[in-house]
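Written below as structure tokens is the structure these notes are about.
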Amino acid sequence: MTPLVELRSDTFTLPTESMRRAMAAAEVGDDVWDEDPTIHRLQERAAEMVGKEASLFVPSGTMGNLCALLSHTEPGEEVLVEGESHIFHSEVAGASVVGGLQLRPLETPDGRMQPEQVRAAIREPDIHQPPTGLLCLENTHNRRGGTCLSGAQTEALSAVAHDAGFPVHLDGARVFNAAVALGVDVRQLTGPVDSVMFCLSKGLSAPVGSMLAGSRDFIERSRRMRKMLGGGMRQAGVLAAAGLCALEEMVDRLADDHRNARRLGEGLQGLPGIAIDLARVETNMVFGDCQPPLTAAAFIERCREAGVLLDQASLYRWRMVTHRGVAAADVDYAIEAVRRLFGAPATAPLRATG
């Protein structure tokens, strides 16, 4: 049987044994009544780690982002987002449907908006136009290749918004990947913004859940928004227990995923009809572009037949994501399997861990 190397997303990570033990032993209560002690511990720890007053456990990153947008803005306002951001592309227009907000995308080559670009996009007072109410950043930036915003870049962008009188939200689904890649405390990346969402269930390997952090007043508003969106959970401490393990045990090992992604990108360089920009491989993602007439769908199907699973990003673009479930041997297998599809010389015997 051909082994499968799962590179579609880091959402395919499975909980660790310590997470499973913690979940089984978790002390629980009713979190809608704010009486789950394990969730309290998770929220306190998460807020401390990102340097905020308080945090809120939410079922998903999409809900966390939407709670933030609803809590920061009023219907009819405009939200500035990067043109390929997750909030703009992959959150089902929730900001518009639920919040009555207009999203204004700002295009960049690499996910890093520039201060002058943001300043130029801020609306002047005009009865014909929606007022600018929020700036959203994304770190790491998914659709731009897993690229990182530095603390200095985050501070400069936040200063533009704050000078204009509106807040900044960070979609930090993978912000710990950014911190590890940049070699900084995550608070350098979250300190300048007013709120941050980060996921527990991607590279950190918890089974489900994300955290939304900010001021106490902001989190109180967000708790109400979470309830409105159907995100209030009862004895959810069984999930929070895994989240605590994720924060305490899984952050530093993200560097392994980054090394594997770099090796993967380097190993796939030079294939005919495939272009990979290694400069964008900053964290745990490798994006590639197929040259027509080869489409991403056709390439992905050929890789699947060889036991390598990857994700389609667009008609000609594909994505590979490394995570705890992908060992170094799996990376070697993926490289050699794909190279052989193209008739390129193999460099090692094909072998995978599972």
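Identifiers in the structure tokens: chain A, B, ... in order shown; residue index from 1 per chain; ligand index from 1 in order shown.
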Write out as a Markdown table the residues of range 156-221 of chain A that have any atom within 12 Å of an atom of range 91-114 of chain A, one row each with the nearest atom pair and its distance in Å to one decimal, counting only C-alpha atoms, sorted by chain and then rising number.
| residue | atom | partner | partner_atom | distance |
| --- | --- | --- | --- | --- |
| A:Ala156 | CA | A:Gln114 | CA | 8.5 |
| A:Leu157 | CA | A:Gln114 | CA | 7.0 |
| A:Ser158 | CA | A:Gln114 | CA | 10.7 |
| A:Ala159 | CA | A:Gln114 | CA | 11.6 |
| A:Val160 | CA | A:Gln114 | CA | 9.9 |
| A:Ala161 | CA | A:Gln114 | CA | 11.9 |
| A:Asp171 | CA | A:Glu91 | CA | 11.8 |
Could you pull the residues within 7 Å of Met285 in chain A, counting only C-alpha atoms, minus those fewer than 3 positions along the same chain, as a short mmCIF file (atom, residue, chain, number, x, y, z; two decimals) with N, CA and C atoms, in the first residue's frame?
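Written output follows (around-v5.cif):
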data_model
loop_
_atom_site.label_atom_id
_atom_site.label_comp_id
_atom_site.auth_asym_id
_atom_site.auth_seq_id
_atom_site.Cartn_x
_atom_site.Cartn_y
_atom_site.Cartn_z
N GLY A 145 2.08 32.73 1.39
CA GLY A 145 3.18 31.79 1.53
C GLY A 145 3.66 31.52 2.93
N GLY A 146 2.91 31.95 3.96
CA GLY A 146 3.38 31.78 5.33
C GLY A 146 4.40 32.82 5.73
N ALA A 261 9.83 22.35 6.03
CA ALA A 261 9.29 23.08 4.88
C ALA A 261 10.43 23.59 4.00
N VAL A 281 9.45 30.87 1.65
CA VAL A 281 9.36 29.75 2.60
C VAL A 281 9.98 30.21 3.91
N ARG A 319 -0.30 24.26 -2.54
CA ARG A 319 0.33 24.52 -1.24
C ARG A 319 0.65 23.22 -0.53
N MET A 320 1.81 23.16 0.10
CA MET A 320 2.18 22.09 1.02
C MET A 320 2.43 22.72 2.39
N VAL A 321 1.96 22.05 3.45
CA VAL A 321 2.11 22.56 4.81
C VAL A 321 2.71 21.47 5.69
N THR A 322 3.80 21.78 6.35
CA THR A 322 4.42 20.82 7.27
C THR A 322 3.86 21.02 8.68
#
Taking only C-alpha atoms into account, which of A:Gly76, A:Gly151, A:Pro192, A:Gly172 comes nearest Gln129 in chain A?
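Among A:Gly76, A:Gly151, A:Pro192, A:Gly172, it is A:Gly76 that comes nearest to Gln129 in chain A.
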Show which residues sit within 9 Å of Pro130 in chain A, as a ChimeraX atom specification. Count only C-alpha atoms, and ignore same-chain residues fewer than 4 positions away.
/A:76-78,102,123,125-126
Report as a VMD selection string all protein, DNA and RNA residues lying within 8 Å of Val251 in chain A, evaluated on only C-alpha atoms, omitting residues in the same chain fewer than 3 positions from it.
chain A and resid 176 to 177 180 204 246 to 248 254
Selection from above, C-alpha atoms, as an mmCIF file, in the first residue's frame, can you write it?
data_model
loop_
_atom_site.group_PDB
_atom_site.id
_atom_site.type_symbol
_atom_site.label_atom_id
_atom_site.label_comp_id
_atom_site.auth_asym_id
_atom_site.auth_seq_id
_atom_site.Cartn_x
_atom_site.Cartn_y
_atom_site.Cartn_z
ATOM 1 C CA PHE A 176 3.531 31.462 17.112
ATOM 2 C CA ASN A 177 5.041 30.215 13.855
ATOM 3 C CA VAL A 180 9.575 31.100 16.299
ATOM 4 C CA LEU A 204 0.092 23.537 18.125
ATOM 5 C CA ALA A 246 -0.536 23.038 23.322
ATOM 6 C CA LEU A 247 0.642 26.354 24.752
ATOM 7 C CA GLU A 248 3.014 24.789 27.257
ATOM 8 C CA LEU A 254 7.332 24.582 15.427
#
Looking at only C-alpha atoms, which of A:Leu56, A:Cys136, A:Val5, A:Leu309 is the one that sits closest to Val32 in chain A?
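Among the listed residues, the smallest separation from Val32 in chain A belongs to A:Leu56.
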Selection near Arg263 in chain A, 9 Å with only C-alpha atoms, sequence-local residues under 4 positions removed, as a list in words:
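Listing them by chain and then by number gives His258, Arg259, Gly267, Leu268, Ala328, Val331, Asp332 and Ile335 of chain A.
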Any chance you can output those residues with N, CA and C atoms as a compact mmCIF listing (two decimals), in the first residue's frame?
# COMPACT_ATOMS: atom_id res chain seq x y z
N HIS A 258 9.33 24.24 10.35
CA HIS A 258 9.94 25.23 9.46
C HIS A 258 11.15 24.63 8.72
N ARG A 259 11.95 23.86 9.44
CA ARG A 259 13.09 23.20 8.79
C ARG A 259 12.61 22.21 7.73
N GLY A 267 14.06 20.70 -2.05
CA GLY A 267 14.07 19.43 -2.75
C GLY A 267 13.23 19.41 -4.00
N LEU A 268 12.24 20.30 -4.07
CA LEU A 268 11.36 20.34 -5.24
C LEU A 268 11.77 21.41 -6.24
N ALA A 328 10.78 13.92 9.18
CA ALA A 328 11.81 14.16 8.17
C ALA A 328 11.77 13.10 7.08
N VAL A 331 9.17 13.92 4.57
CA VAL A 331 9.62 14.97 3.66
C VAL A 331 10.48 14.36 2.56
N ASP A 332 11.39 13.47 2.95
CA ASP A 332 12.24 12.81 1.95
C ASP A 332 11.39 12.03 0.96
N ILE A 335 9.58 14.42 -1.46
CA ILE A 335 10.50 14.98 -2.46
C ILE A 335 10.78 13.97 -3.57
So which bits of range 125-237 of chain A end up strand (DSSP E) when you DSSP the backbone, as a VMD selection string?
chain A and resid 132 to 138 168 to 171 195 to 199 210 to 214
